[in-house]
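A.B. asks: If it helps, the file is called input12.cif and holds mmCIF, C-alpha atoms:
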data_my_file
loop_
_atom_site.label_atom_id
_atom_site.label_comp_id
_atom_site.auth_asym_id
_atom_site.auth_seq_id
_atom_site.Cartn_x
_atom_site.Cartn_y
_atom_site.Cartn_z
CA MET A 11 145.28 99.02 102.47
CA LYS A 12 142.42 101.49 102.59
CA ILE A 13 139.04 99.90 103.33
CA ALA A 14 135.55 101.38 103.01
CA ILE A 15 132.73 99.86 105.06
CA LEU A 16 129.41 101.15 103.76
CA GLY A 17 126.94 101.49 106.63
CA ALA A 18 127.36 101.77 110.40
CA GLY A 19 124.78 99.22 111.46
CA ILE A 20 125.54 96.20 113.62
CA SER A 21 127.22 94.36 110.72
CA GLY A 22 129.54 97.14 109.61
CA LEU A 23 130.50 98.11 113.16
CA SER A 24 131.15 94.52 114.21
CA LEU A 25 133.29 93.88 111.15
CA ALA A 26 135.40 96.93 111.93
CA ARG A 27 135.88 95.86 115.55
CA PHE A 28 136.85 92.31 114.59
CA LEU A 29 139.31 93.56 111.97
CA ILE A 30 141.00 95.85 114.49
CA GLU A 31 141.04 93.12 117.14
CA GLY A 32 142.71 90.91 114.52
CA GLY A 33 145.53 93.36 113.94
CA VAL A 34 144.29 95.46 111.01
CA PRO A 35 145.34 99.11 111.58
CA ALA A 36 142.33 101.17 112.65
CA GLN A 37 143.37 104.08 110.43
CA SER A 38 142.90 101.91 107.34
CA LEU A 39 139.15 101.63 108.03
CA HIS A 40 136.58 104.19 106.89
CA ILE A 41 132.92 103.58 107.85
CA LEU A 42 130.50 105.67 105.78
CA GLU A 43 127.05 106.23 107.29
CA ALA A 44 124.25 108.30 105.75
CA ASP A 45 122.43 108.83 109.05
CA SER A 46 123.37 111.28 111.77
CA ARG A 47 123.96 108.38 114.19
CA ILE A 48 125.10 104.77 114.11
CA GLY A 49 123.05 101.64 114.68
CA GLY A 50 120.99 101.00 111.55
CA LEU A 51 118.15 98.60 112.34
CA CYS A 52 119.38 98.44 115.96
CA GLN A 53 118.69 102.11 116.66
CA SER A 54 116.49 103.19 119.56
CA LYS A 55 114.66 106.44 120.23
CA THR A 56 113.73 108.24 123.45
CA VAL A 57 110.70 110.54 123.61
CA GLU A 58 109.68 112.24 126.88
CA GLY A 59 111.51 109.58 128.88
CA PHE A 60 110.10 106.62 126.94
CA THR A 61 112.62 104.54 124.94
CA TYR A 62 111.74 102.15 122.12
CA ASP A 63 113.53 100.26 119.36
CA VAL A 64 112.73 101.83 116.02
CA ALA A 65 112.82 98.63 113.94
CA GLY A 66 110.54 96.58 116.18
CA GLY A 67 111.25 94.76 119.40
CA HIS A 68 114.76 93.32 119.72
CA ILE A 69 116.20 90.90 122.25
CA LEU A 70 119.73 89.57 122.70
CA TYR A 71 120.22 85.82 122.74
CA SER A 72 122.45 83.46 120.80
CA LYS A 73 123.36 79.81 120.53
CA ASP A 74 126.94 81.05 119.99
CA THR A 75 128.05 81.87 123.54
CA SER A 76 131.33 83.45 122.41
CA VAL A 77 129.49 85.99 120.26
CA LEU A 78 126.87 86.56 122.97
CA ASN A 79 129.61 87.28 125.50
CA TRP A 80 131.46 89.51 123.02
CA MET A 81 128.34 91.62 122.48
CA ILE A 82 127.69 91.85 126.23
CA GLU A 83 131.28 92.82 127.01
CA ALA A 84 131.34 95.40 124.22
CA THR A 85 128.25 97.00 125.79
CA GLY A 86 129.78 97.26 129.25
CA GLY A 87 129.45 93.79 130.72
CA MET A 88 126.63 91.85 132.33
CA GLY A 89 125.91 94.71 134.72
CA ALA A 90 124.68 96.77 131.76
CA PHE A 91 121.93 94.23 130.99
CA GLU A 92 118.68 92.91 132.35
CA LYS A 93 118.44 89.12 132.24
CA LYS A 94 114.87 88.19 131.34
CA GLN A 95 112.76 85.05 131.22
CA ARG A 96 110.77 85.01 127.99
CA ASN A 97 107.03 85.11 128.59
CA THR A 98 105.29 85.32 125.24
CA ARG A 99 101.64 84.85 124.36
CA ILE A 100 99.19 84.94 121.47
CA ARG A 101 96.07 87.02 121.98
CA PHE A 102 93.34 84.73 120.66
CA GLU A 103 90.03 86.58 120.90
CA HIS A 104 90.18 87.56 124.60
CA ARG A 105 92.28 84.61 125.74
CA TRP A 106 95.99 84.30 126.34
CA VAL A 107 97.41 81.34 124.41
CA ASN A 108 100.85 79.96 125.16
CA TYR A 109 103.55 80.52 122.55
CA PRO A 110 104.32 78.88 120.19
CA PHE A 111 100.70 78.25 119.23
CA GLU A 112 100.98 74.47 119.01
CA ASN A 113 102.22 74.46 122.63
CA GLY A 114 99.13 76.35 123.78
CA LEU A 115 96.19 74.43 122.32
CA GLY A 116 94.70 73.82 125.76
CA ASP A 117 94.24 77.59 126.15
CA LEU A 118 91.88 77.72 123.14
CA PRO A 119 88.08 77.46 123.14
CA PRO A 120 87.05 73.77 122.96
CA GLN A 121 86.09 73.70 119.26
CA ALA A 122 89.26 75.55 118.15
CA ASN A 123 91.32 73.22 120.36
CA PHE A 124 89.76 70.18 118.67
CA ASP A 125 90.20 71.65 115.17
CA CYS A 126 93.87 72.37 115.79
CA LEU A 127 94.70 69.08 117.50
CA SER A 128 92.86 67.01 114.91
CA GLY A 129 94.57 68.83 112.05
CA TYR A 130 98.00 68.59 113.66
CA VAL A 131 97.73 64.84 114.26
CA ARG A 132 96.43 64.24 110.72
CA ALA A 133 99.28 66.30 109.23
CA TRP A 134 101.86 64.51 111.42
CA HIS A 135 100.46 61.09 110.48
CA LYS A 136 100.45 61.94 106.79
CA ARG A 137 104.10 63.08 106.95
CA MET A 138 105.06 59.84 108.70
CA VAL A 139 103.22 57.68 106.16
CA ASP A 140 104.15 59.57 103.01
CA ARG A 141 107.70 60.51 104.09
CA SER A 142 107.05 63.68 102.14
CA SER A 143 109.44 66.60 101.80
CA ALA A 144 108.51 70.09 102.92
CA PRO A 145 106.55 71.96 100.21
CA ARG A 146 108.17 75.03 98.68
CA ASP A 147 105.04 77.21 98.95
CA PHE A 148 104.74 78.65 102.44
CA GLY A 149 100.94 78.28 102.51
CA ALA A 150 101.24 74.58 101.63
CA TRP A 151 104.09 74.17 104.12
CA VAL A 152 101.87 75.50 106.93
CA ARG A 153 99.29 72.78 106.26
CA TRP A 154 101.95 70.08 105.76
CA ARG A 155 103.55 71.00 109.07
CA PHE A 156 100.66 72.13 111.31
CA GLY A 157 97.44 70.93 109.66
CA GLU A 158 94.28 72.72 108.62
CA GLY A 159 93.10 73.78 112.10
CA ILE A 160 96.23 75.71 113.13
CA ALA A 161 96.43 77.12 109.61
CA GLN A 162 92.91 78.56 109.75
CA HIS A 163 92.90 79.67 113.38
CA PHE A 164 96.36 81.22 113.56
CA MET A 165 98.98 80.78 110.86
CA ASP A 166 96.99 82.06 107.88
CA PRO A 167 95.63 85.26 109.47
CA TYR A 168 98.81 86.07 111.36
CA ASN A 169 101.15 85.60 108.41
CA ALA A 170 98.81 87.55 106.12
CA LYS A 171 99.25 90.47 108.54
CA VAL A 172 103.04 90.14 108.56
CA TRP A 173 103.80 89.48 104.90
CA LYS A 174 100.94 91.41 103.21
CA ARG A 175 100.97 88.84 100.40
CA GLU A 176 99.26 85.60 99.50
CA LEU A 177 101.10 82.89 101.41
CA ASP A 178 101.80 80.88 98.26
CA PHE A 179 103.72 83.88 96.91
CA ILE A 180 106.28 83.15 99.65
CA THR A 181 108.46 80.06 99.85
CA SER A 182 109.06 78.03 102.98
CA ASP A 183 112.82 78.71 102.78
CA TRP A 184 112.67 81.40 105.47
CA VAL A 185 111.37 78.98 108.14
CA ALA A 186 114.20 76.47 107.64
CA GLY A 187 116.11 76.34 110.92
CA ARG A 188 113.91 79.04 112.49
CA VAL A 189 110.80 77.08 113.47
CA PRO A 190 111.58 74.08 115.70
CA ASP A 191 109.34 71.05 115.22
CA ALA A 192 107.26 70.42 118.34
CA PRO A 193 107.12 66.69 119.19
CA VAL A 194 103.59 65.37 118.65
CA GLU A 195 103.58 64.24 122.29
CA ASP A 196 104.03 67.87 123.41
CA VAL A 197 101.14 69.00 121.22
CA LEU A 198 98.91 66.27 122.68
CA ARG A 199 99.91 67.28 126.20
CA SER A 200 99.26 70.94 125.51
CA SER A 201 95.82 70.18 124.12
CA VAL A 202 94.69 68.44 127.34
CA GLY A 203 96.14 71.15 129.57
CA ILE A 204 99.61 69.82 130.41
CA ARG A 205 101.91 72.80 129.92
CA THR A 206 104.77 72.32 127.45
CA GLU A 207 107.36 74.81 126.26
CA GLY A 208 108.61 75.44 122.75
CA TYR A 209 111.36 77.61 121.26
CA THR A 210 113.45 77.06 124.38
CA HIS A 211 116.49 78.62 122.65
CA GLN A 212 114.80 81.99 123.37
CA SER A 213 113.72 81.16 126.92
CA ILE A 214 116.37 83.44 128.46
CA PHE A 215 117.34 86.71 126.80
CA TYR A 216 119.24 89.87 127.65
CA TYR A 217 118.35 93.51 127.12
CA PRO A 218 120.35 96.70 127.87
CA ARG A 219 119.30 98.38 131.12
CA GLN A 220 119.25 101.79 129.48
CA GLY A 221 119.33 103.28 126.01
CA GLY A 222 117.39 100.49 124.30
CA PHE A 223 118.98 98.01 121.91
CA GLN A 224 120.95 100.97 120.52
CA ALA A 225 123.21 100.56 123.57
CA ILE A 226 124.70 97.42 121.97
CA ALA A 227 125.53 99.24 118.74
CA ASP A 228 126.92 102.15 120.77
CA GLY A 229 129.07 99.77 122.77
CA ILE A 230 130.49 98.10 119.68
CA ALA A 231 131.15 101.54 118.19
CA SER A 232 132.78 102.92 121.36
CA THR A 233 136.30 102.39 119.97
CA LEU A 234 135.39 103.35 116.40
CA HIS A 235 134.20 106.95 116.58
CA ALA A 236 137.24 108.28 114.73
CA ARG A 237 136.56 105.76 111.95
CA VAL A 238 132.88 106.60 111.34
CA ARG A 239 131.84 109.37 108.96
CA LEU A 240 128.25 110.28 109.81
CA ARG A 241 125.95 112.14 107.38
CA THR A 242 127.91 110.61 104.51
CA PRO A 243 125.50 108.92 102.11
CA VAL A 244 127.08 106.75 99.43
CA THR A 245 126.10 108.25 96.10
CA GLU A 246 128.50 106.55 93.69
CA ILE A 247 130.61 103.38 93.55
CA VAL A 248 132.94 102.91 90.60
CA GLN A 249 135.32 100.02 90.01
CA THR A 250 138.85 101.12 89.13
CA LYS A 251 141.90 99.26 87.91
CA GLY A 252 143.28 98.82 91.43
CA GLY A 253 140.14 98.86 93.53
CA TRP A 254 137.14 101.16 93.93
CA LYS A 255 136.10 104.78 94.09
CA VAL A 256 133.36 105.60 96.60
CA ASN A 257 132.00 109.13 96.23
CA GLY A 258 135.15 109.87 94.20
CA GLU A 259 137.55 108.63 96.91
CA ASP A 260 139.93 105.73 96.23
CA PHE A 261 139.74 102.52 98.26
CA ASP A 262 141.50 99.19 97.92
CA LEU A 263 138.57 97.21 99.31
CA VAL A 264 134.86 97.89 99.77
CA VAL A 265 132.49 96.02 102.10
CA ASN A 266 128.86 96.87 101.51
CA THR A 267 126.11 96.62 104.15
CA LEU A 268 123.62 98.84 102.29
CA PRO A 269 120.41 97.20 101.02
CA LEU A 270 120.99 95.42 97.72
CA THR A 271 117.87 97.10 96.34
CA ASP A 272 119.63 100.49 96.63
CA LEU A 273 122.78 99.52 94.75
CA PRO A 274 121.54 99.91 91.12
CA ARG A 275 121.34 103.68 91.55
CA ILE A 276 124.80 103.80 93.17
CA ILE A 277 127.06 101.33 91.33
CA GLN A 278 128.22 102.56 87.95
CA GLY A 279 128.44 100.05 85.10
CA LEU A 280 126.25 97.47 86.81
CA PRO A 281 125.12 94.78 84.30
CA ALA A 282 121.43 95.15 83.48
CA ALA A 283 120.51 91.63 84.59
CA VAL A 284 122.22 92.14 87.95
CA ALA A 285 120.58 95.53 88.42
CA ASP A 286 117.18 94.00 87.69
CA ALA A 287 117.83 91.17 90.17
CA MET A 288 118.69 93.72 92.85
CA ARG A 289 115.72 96.01 92.18
CA THR A 290 113.18 93.20 92.23
CA LEU A 291 114.20 91.59 95.52
CA GLU A 292 111.11 91.46 97.73
CA TYR A 293 111.05 92.96 101.22
CA ASN A 294 108.77 94.58 103.76
CA GLY A 295 109.08 97.87 105.53
CA LEU A 296 107.85 98.53 109.04
CA VAL A 297 106.04 101.19 111.02
CA SER A 298 107.02 101.04 114.69
CA ILE A 299 104.64 102.86 117.03
CA LEU A 300 105.44 103.62 120.65
CA VAL A 301 102.33 103.80 122.85
CA ALA A 302 103.18 105.65 126.07
CA LEU A 303 100.83 104.69 128.90
CA GLU A 304 99.66 106.19 132.16
CA ARG A 305 99.90 102.72 133.68
CA ARG A 306 102.16 101.73 136.54
CA GLU A 307 102.98 98.24 135.29
CA HIS A 308 102.14 95.59 132.73
CA PRO A 309 101.39 91.92 133.18
CA ASP A 310 104.67 90.01 133.17
CA LEU A 311 104.83 89.56 129.39
CA SER A 312 107.67 89.98 126.90
CA TRP A 313 105.83 90.26 123.60
CA ILE A 314 102.56 89.03 122.11
CA TYR A 315 101.10 88.25 118.68
CA LEU A 316 97.79 89.57 117.37
CA PRO A 317 96.42 87.29 114.62
CA HIS A 318 92.87 88.65 114.24
CA GLU A 319 91.76 91.44 111.92
CA VAL A 320 89.57 92.94 114.66
CA GLN A 321 92.75 93.46 116.71
CA GLY A 322 93.84 96.10 114.20
CA PRO A 323 96.85 96.29 111.86
CA THR A 324 99.43 95.46 114.55
CA ASN A 325 100.93 91.98 114.26
CA ARG A 326 103.23 92.08 117.29
CA VAL A 327 103.24 94.09 120.51
CA THR A 328 106.36 94.30 122.66
CA TYR A 329 105.79 95.09 126.33
CA MET A 330 108.68 97.50 126.00
CA SER A 331 108.85 98.85 129.53
CA ASN A 332 108.99 95.28 130.91
CA TYR A 333 112.45 94.87 129.38
CA SER A 334 114.03 97.38 131.72
CA PRO A 335 112.65 99.77 134.39
CA LEU A 336 114.64 102.56 132.74
CA LEU A 337 112.73 102.44 129.42
CA ALA A 338 109.79 104.44 130.79
CA PRO A 339 109.41 107.14 133.46
CA LYS A 340 108.68 105.88 136.95
CA GLY A 341 105.05 104.87 137.36
CA LYS A 342 104.44 104.65 133.61
CA SER A 343 104.74 101.90 130.98
CA SER A 344 104.79 101.43 127.22
CA PHE A 345 103.93 99.22 124.26
CA LEU A 346 105.81 98.94 120.98
CA CYS A 347 103.48 98.05 118.11
CA GLU A 348 104.66 96.78 114.72
CA VAL A 349 102.82 97.19 111.42
CA THR A 350 104.44 95.88 108.24
CA ILE A 351 104.08 97.38 104.77
CA PRO A 352 105.14 95.91 101.41
CA GLY A 353 108.55 97.21 100.37
CA GLY A 354 108.36 100.32 98.25
CA SER A 355 104.75 101.10 99.21
CA PRO A 356 103.82 104.48 100.67
CA TYR A 357 103.63 104.62 104.45
CA PRO A 358 100.13 104.80 105.96
CA GLY A 359 98.92 108.25 106.94
CA GLY A 360 98.07 109.62 110.35
CA GLU A 361 94.99 107.40 110.63
CA LEU A 362 97.27 104.41 111.33
CA GLU A 363 97.84 105.35 114.96
CA GLY A 364 94.07 105.53 115.53
CA ASP A 365 93.59 102.12 113.90
CA VAL A 366 96.37 100.64 116.04
CA LEU A 367 94.88 102.00 119.27
CA ALA A 368 91.36 100.89 118.33
CA GLY A 369 92.70 97.39 117.68
CA LEU A 370 94.49 97.28 121.03
CA VAL A 371 91.28 98.35 122.77
CA ALA A 372 89.34 95.65 120.89
CA ALA A 373 91.96 93.09 121.96
CA GLY A 374 91.50 94.12 125.59
CA LEU A 375 95.09 95.34 125.95
CA LEU A 376 94.46 98.94 126.97
CA ARG A 377 91.91 101.68 127.60
CA ARG A 378 92.05 104.84 125.55
CA ASP A 379 92.24 106.98 128.70
CA GLU A 380 95.58 105.29 129.55
CA VAL A 381 97.28 106.58 126.39
CA LEU A 382 99.56 109.56 126.97
CA PHE A 383 100.86 109.83 123.39
CA THR A 384 102.18 107.81 120.46
CA ASP A 385 105.38 108.16 118.48
CA ARG A 386 106.08 106.64 115.08
CA THR A 387 109.20 105.59 113.18
CA ASN A 388 109.05 104.40 109.56
CA ILE A 389 111.64 101.77 108.61
CA ARG A 390 112.18 101.27 104.89
CA HIS A 391 113.81 97.79 105.03
CA ALA A 392 112.75 95.51 107.88
CA TYR A 393 111.96 91.98 106.66
CA VAL A 394 113.32 89.90 103.80
CA VAL A 395 110.52 88.31 101.75
CA PHE A 396 111.41 84.91 100.33
CA ASP A 397 109.45 84.79 97.08
CA HIS A 398 109.94 82.12 94.42
CA ARG A 399 112.63 84.07 92.53
CA TYR A 400 114.63 84.87 95.66
CA ALA A 401 117.36 82.25 95.17
CA GLU A 402 117.65 82.96 91.43
CA ARG A 403 118.12 86.70 92.02
CA ARG A 404 120.71 86.22 94.74
CA GLU A 405 122.68 83.80 92.57
CA ALA A 406 122.91 86.43 89.83
CA ILE A 407 123.83 89.18 92.30
CA PHE A 408 126.49 87.29 94.22
CA GLY A 409 127.93 85.73 91.10
CA TRP A 410 128.68 89.22 89.80
CA MET A 411 129.88 90.52 93.17
CA ASP A 412 132.30 87.62 93.58
CA GLU A 413 133.58 88.22 90.05
CA VAL A 414 134.40 91.89 90.68
CA GLY A 415 135.49 91.50 94.31
CA LEU A 416 132.74 93.57 95.93
CA ILE A 417 132.02 92.13 99.39
CA THR A 418 128.58 92.42 100.94
CA LEU A 419 127.40 91.80 104.50
CA GLY A 420 124.35 92.28 106.73
CA ARG A 421 120.64 91.48 106.74
CA PHE A 422 119.91 93.55 103.64
CA GLY A 423 123.45 93.59 102.30
CA ARG A 424 122.92 89.87 101.73
CA PHE A 425 119.12 89.76 101.94
CA GLU A 426 119.15 87.08 104.63
CA TYR A 427 116.87 86.79 107.64
CA ASP A 428 119.66 87.36 110.19
CA ASN A 429 119.11 88.47 113.77
CA SER A 430 121.65 90.77 115.41
CA ASP A 431 123.75 87.91 116.79
CA GLN A 432 123.84 86.25 113.38
CA CYS A 433 125.00 89.54 111.85
CA VAL A 434 127.87 89.58 114.36
CA ILE A 435 128.68 85.92 113.67
CA ARG A 436 128.89 86.63 109.92
CA ALA A 437 130.98 89.77 110.53
CA LYS A 438 133.40 87.75 112.66
CA ALA A 439 133.70 85.06 109.98
CA LEU A 440 134.33 87.67 107.27
CA ALA A 441 136.97 89.38 109.40
CA GLN A 442 138.77 86.07 109.91
CA GLU A 443 138.71 85.55 106.14
CA LEU A 444 139.97 89.06 105.34
CA ILE A 445 142.67 89.52 107.98
CA PRO A 446 145.36 87.33 106.32
CA ARG A 447 144.69 89.04 103.01
CA LEU A 448 144.88 92.53 104.53
CA GLN A 449 148.03 91.76 106.49
CA ARG A 450 149.72 90.67 103.27
CA GLY A 451 148.90 94.11 101.95
#
The structure given in the file should be rewritten as structure tokens.
C.D. replies:
Amino acid sequence: MKIAILGAGISGLSLARFLIEGGVPAQSLHILEADSRIGGLCQSKTVEGFTYDVAGGHILYSKDTSVLNWMIEATGGMGAFEKKQRNTRIRFEHRWVNYPFENGLGDLPPQANFDCLSGYVRAWHKRMVDRSSAPRDFGAWVRWRFGEGIAQHFMDPYNAKVWKRELDFITSDWVAGRVPDAPVEDVLRSSVGIRTEGYTHQSIFYYPRQGGFQAIADGIASTLHARVRLRTPVTEIVQTKGGWKVNGEDFDLVVNTLPLTDLPRIIQGLPAAVADAMRTLEYNGLVSILVALERREHPDLSWIYLPHEVQGPTNRVTYMSNYSPLLAPKGKSSFLCEVTIPGGSPYPGGELEGDVLAGLVAAGLLRRDEVLFTDRTNIRHAYVVFDHRYAERREAIFGWMDEVGLITLGRFGRFEYDNSDQCVIRAKALAQELIPRLQRG
């Protein structure tokens, strides 16, 4: 069997490793990667001694301890990682508010605290009385779940920054299983100043000591270098009687991790309805901006959220140099700022960096005289957008793929909101499914 894996991101690399570990001959695998290096959305970049993750701030954690341990061991073991306690905040005006927002109401100004608590209790009571199901529209879901106060003070402005769309354009599907429901008792405690914690599944995370999150992709790829063809963009996929041709080369099996939105220009003979479903999938791109600082150290924070317009276009700031002392030169520190853009839109011009810095100054996060330089990376596919035709499109796409035997994997290969550990979990499951088939020949 000759197998093509399209893309050398975390999904494609993990699949290859699991297949080999399961007994599939390494020489049967061919990983085609358009870039000059591996990693995909897990790539990192180093500029003048400052390292940052190009697709926004990443952390390593997982509810699946076997996958977590596999990723750590592939990267060199626990000694290659920093073990960190998550310390995340929301910058509300010039206050630090505990994260998640509903666990930090006591940090708000008195009127905002009352608005949010009152709205939360009303929404909770209404859910209990009505026994209502979660609304499909994300904007309506926010009010159903959190109430009017949290919606107005945080959720509406923050999510408008992230998604760049009206919130009712998006469905609530993406929050299913991702946003734990804070007990109403915790929200009441937080409002009167008794500290409570939410999202405890992220409370401890790991980060590579050096090289950024790229180190994990590099570790997974450490036994695969002979199998990866860099600078090899996929320009044509054609189904044949016995399998597939990729760029004119014959393969028995193809596993795609390229974005589904790119496939209509690559796959020959794609049905028009399937091509349309692929092209019209909604997504956001990302501009990641490193801010290198002449500052010895940061407050002990992991990342923060900026909901207000006056805080500039950045929605999230990662305190990058807090993740490892080796991510910035000695005596210096760094921020990683994220600005989303609607998929397919042109990237903002050079004025964006100025707007980002002005917003950080307005938020009280830095002084302009601390800034050494900025560095930008544009990421074309960063976030899946769950609009109201999302499920319909995917049904058409995967129905056709299953029919022709084209396998697809990865965050944008499947258009699912998967973190890196979930990508590895799915790659492991696919490998376990494929190995018996491949061993039969």
A.B. asks: Closest to Trp106 of chain A among A:Tyr315, A:Trp80, A:Phe408, A:Trp154, using only C-alpha atoms?
C.D. replies: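 Under the stated criterion, the closest residue is A:Tyr315.
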A.B. asks: I would like the residues chosen by the PyMOL selection byres ((chain A and resi 253) around 12) on the shown file; could you give them as a list in words?
C.D. replies: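 On this input, the PyMOL selection byres ((chain A and resi 253) around 12) captures Met11, Lys12, Ile13, Ala14, Ile247, Val248, Gln249, Thr250, Lys251, Gly252, Trp254, Lys255, Val256, Glu259, Asp260, Phe261, Asp262, Leu263, Val264, Val265, Val414, Gly415 and Leu416 of chain A.
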A.B. asks: Restricting it to C-alpha atoms, dump the selection as a PDB file, keeping the file's coordinate frame.
C.D. replies:
ATOM      1  CA  MET A  11     145.280  99.020 102.470  1.00  0.00           C
ATOM      2  CA  LYS A  12     142.420 101.490 102.590  1.00  0.00           C
ATOM      3  CA  ILE A  13     139.040  99.900 103.330  1.00  0.00           C
ATOM      4  CA  ALA A  14     135.550 101.380 103.010  1.00  0.00           C
ATOM      5  CA  ILE A 247     130.610 103.380  93.550  1.00  0.00           C
ATOM      6  CA  VAL A 248     132.940 102.910  90.600  1.00  0.00           C
ATOM      7  CA  GLN A 249     135.320 100.020  90.010  1.00  0.00           C
ATOM      8  CA  THR A 250     138.850 101.120  89.130  1.00  0.00           C
ATOM      9  CA  LYS A 251     141.900  99.260  87.910  1.00  0.00           C
ATOM     10  CA  GLY A 252     143.280  98.820  91.430  1.00  0.00           C
ATOM     11  CA  TRP A 254     137.140 101.160  93.930  1.00  0.00           C
ATOM     12  CA  LYS A 255     136.100 104.780  94.090  1.00  0.00           C
ATOM     13  CA  VAL A 256     133.360 105.600  96.600  1.00  0.00           C
ATOM     14  CA  GLU A 259     137.550 108.630  96.910  1.00  0.00           C
ATOM     15  CA  ASP A 260     139.930 105.730  96.230  1.00  0.00           C
ATOM     16  CA  PHE A 261     139.740 102.520  98.260  1.00  0.00           C
ATOM     17  CA  ASP A 262     141.500  99.190  97.920  1.00  0.00           C
ATOM     18  CA  LEU A 263     138.570  97.210  99.310  1.00  0.00           C
ATOM     19  CA  VAL A 264     134.860  97.890  99.770  1.00  0.00           C
ATOM     20  CA  VAL A 265     132.490  96.020 102.100  1.00  0.00           C
ATOM     21  CA  VAL A 414     134.400  91.890  90.680  1.00  0.00           C
ATOM     22  CA  GLY A 415     135.490  91.500  94.310  1.00  0.00           C
ATOM     23  CA  LEU A 416     132.740  93.570  95.930  1.00  0.00           C
TER      24      LEU A 416
END
A.B. asks: Would you compute the distance between atom CA of Asn108 of chain A and atom CA of Leu300 of chain A? Give it in Å to one decimal.
C.D. replies: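 Separating atom CA of Asn108 of chain A from atom CA of Leu300 of chain A is a distance of 24.5 Å.
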A.B. asks: Between A:Tyr71, A:Phe91, A:Phe28, A:Tyr393, which has the minimum distance to Val172 of chain A (counting only C-alpha atoms)?
C.D. replies: A:Tyr393
A.B. asks: Applying 9 Å and only C-alpha atoms, which residues near segment 367-371 of chain A remain after dropping the ones on its own chain fewer than 3 positions away? List them as a CSV table (one decimal) with C-alpha atoms, in the coordinates of the input.
C.D. replies:
chain,number,residue,atom,x,y,z
A,301,VAL,CA,102.3,103.8,122.8
A,319,GLU,CA,91.8,91.4,111.9
A,320,VAL,CA,89.6,92.9,114.7
A,321,GLN,CA,92.8,93.5,116.7
A,322,GLY,CA,93.8,96.1,114.2
A,323,PRO,CA,96.8,96.3,111.9
A,324,THR,CA,99.4,95.5,114.6
A,362,LEU,CA,97.3,104.4,111.3
A,363,GLU,CA,97.8,105.4,115.0
A,364,GLY,CA,94.1,105.5,115.5
A,374,GLY,CA,91.5,94.1,125.6
A,375,LEU,CA,95.1,95.3,126.0
A,376,LEU,CA,94.5,98.9,127.0
A,377,ARG,CA,91.9,101.7,127.6
A,378,ARG,CA,92.0,104.8,125.6
A,381,VAL,CA,97.3,106.6,126.4
A.B. asks: Take the PyMOL selection byres ((chain A and resi 157) around 9), apply it to the structure above, and return the hits as a list in words.
C.D. replies: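 With the shown file as input, the PyMOL selection byres ((chain A and resi 157) around 9) matches Cys126, Leu127, Ser128, Gly129, Tyr130, Val131, Arg132, Ala133, Trp134, Val152, Arg153, Trp154, Arg155, Phe156, Glu158, Gly159, Ile160, Ala161 and Gln162 of chain A.
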A.B. asks: Run the PyMOL selection byres ((chain A and resi 326) around 12) mentally over the shown coordinates, then write out the matched residues as a compact mmCIF listing (two decimals) with C-alpha atoms, in the coordinates of the input, using the chain letters and numbers from the document.
C.D. replies:
# COMPACT_ATOMS: atom_id res chain seq x y z
CA GLY A 66 110.54 96.58 116.18
CA GLY A 67 111.25 94.76 119.40
CA HIS A 68 114.76 93.32 119.72
CA THR A 98 105.29 85.32 125.24
CA ARG A 99 101.64 84.85 124.36
CA ILE A 100 99.19 84.94 121.47
CA ARG A 101 96.07 87.02 121.98
CA TYR A 168 98.81 86.07 111.36
CA ASN A 169 101.15 85.60 108.41
CA LYS A 171 99.25 90.47 108.54
CA VAL A 172 103.04 90.14 108.56
CA LEU A 296 107.85 98.53 109.04
CA VAL A 297 106.04 101.19 111.02
CA SER A 298 107.02 101.04 114.69
CA ILE A 299 104.64 102.86 117.03
CA SER A 312 107.67 89.98 126.90
CA TRP A 313 105.83 90.26 123.60
CA ILE A 314 102.56 89.03 122.11
CA TYR A 315 101.10 88.25 118.68
CA LEU A 316 97.79 89.57 117.37
CA PRO A 317 96.42 87.29 114.62
CA HIS A 318 92.87 88.65 114.24
CA GLN A 321 92.75 93.46 116.71
CA GLY A 322 93.84 96.10 114.20
CA PRO A 323 96.85 96.29 111.86
CA THR A 324 99.43 95.46 114.55
CA ASN A 325 100.93 91.98 114.26
CA VAL A 327 103.24 94.09 120.51
CA THR A 328 106.36 94.30 122.66
CA TYR A 329 105.79 95.09 126.33
CA MET A 330 108.68 97.50 126.00
CA PHE A 345 103.93 99.22 124.26
CA LEU A 346 105.81 98.94 120.98
CA CYS A 347 103.48 98.05 118.11
CA GLU A 348 104.66 96.78 114.72
CA VAL A 349 102.82 97.19 111.42
CA THR A 350 104.44 95.88 108.24
CA VAL A 366 96.37 100.64 116.04
CA GLY A 369 92.70 97.39 117.68
CA LEU A 370 94.49 97.28 121.03
A.B. asks: Atom CA of Gly17 of chain A and atom CA of Glu43 of chain A, how far apart in Å?
C.D. replies: 4.8 Å
A.B. asks: Please determine, counting all atoms listed in the file, which residue among A:Glu58, A:Glu92, A:Asp117, A:Glu195 has the shortest atom-to-atom distance to His104 of chain A.
C.D. replies: A:Asp117
A.B. asks: Determine, counting only C-alpha atoms, which protein, DNA and RNA residues have an atom within 9 Å of an atom of segment 218-224 of chain A; residues of the same chain fewer than 5 positions away are not included. Present the result as a ChimeraX atom specification.
C.D. replies: /A:48-56,61-63,67-70,82,85,89-93,229,333-337
A.B. asks: Mind giving me the straight-line distance from atom CA of Ala192 of chain A to atom CA of Thr206 of chain A in Å, one decimal?
C.D. replies: 9.6 Å
A.B. asks: For segment 177-184 of chain A, work out the shell of residues within 9 Å, counting all atoms listed in the file and skipping chain neighbours fewer than 6 positions away, then give it as a PyMOL selection string.
C.D. replies: chain A and resi 144-152+166+169-170+394-398+400+426-427
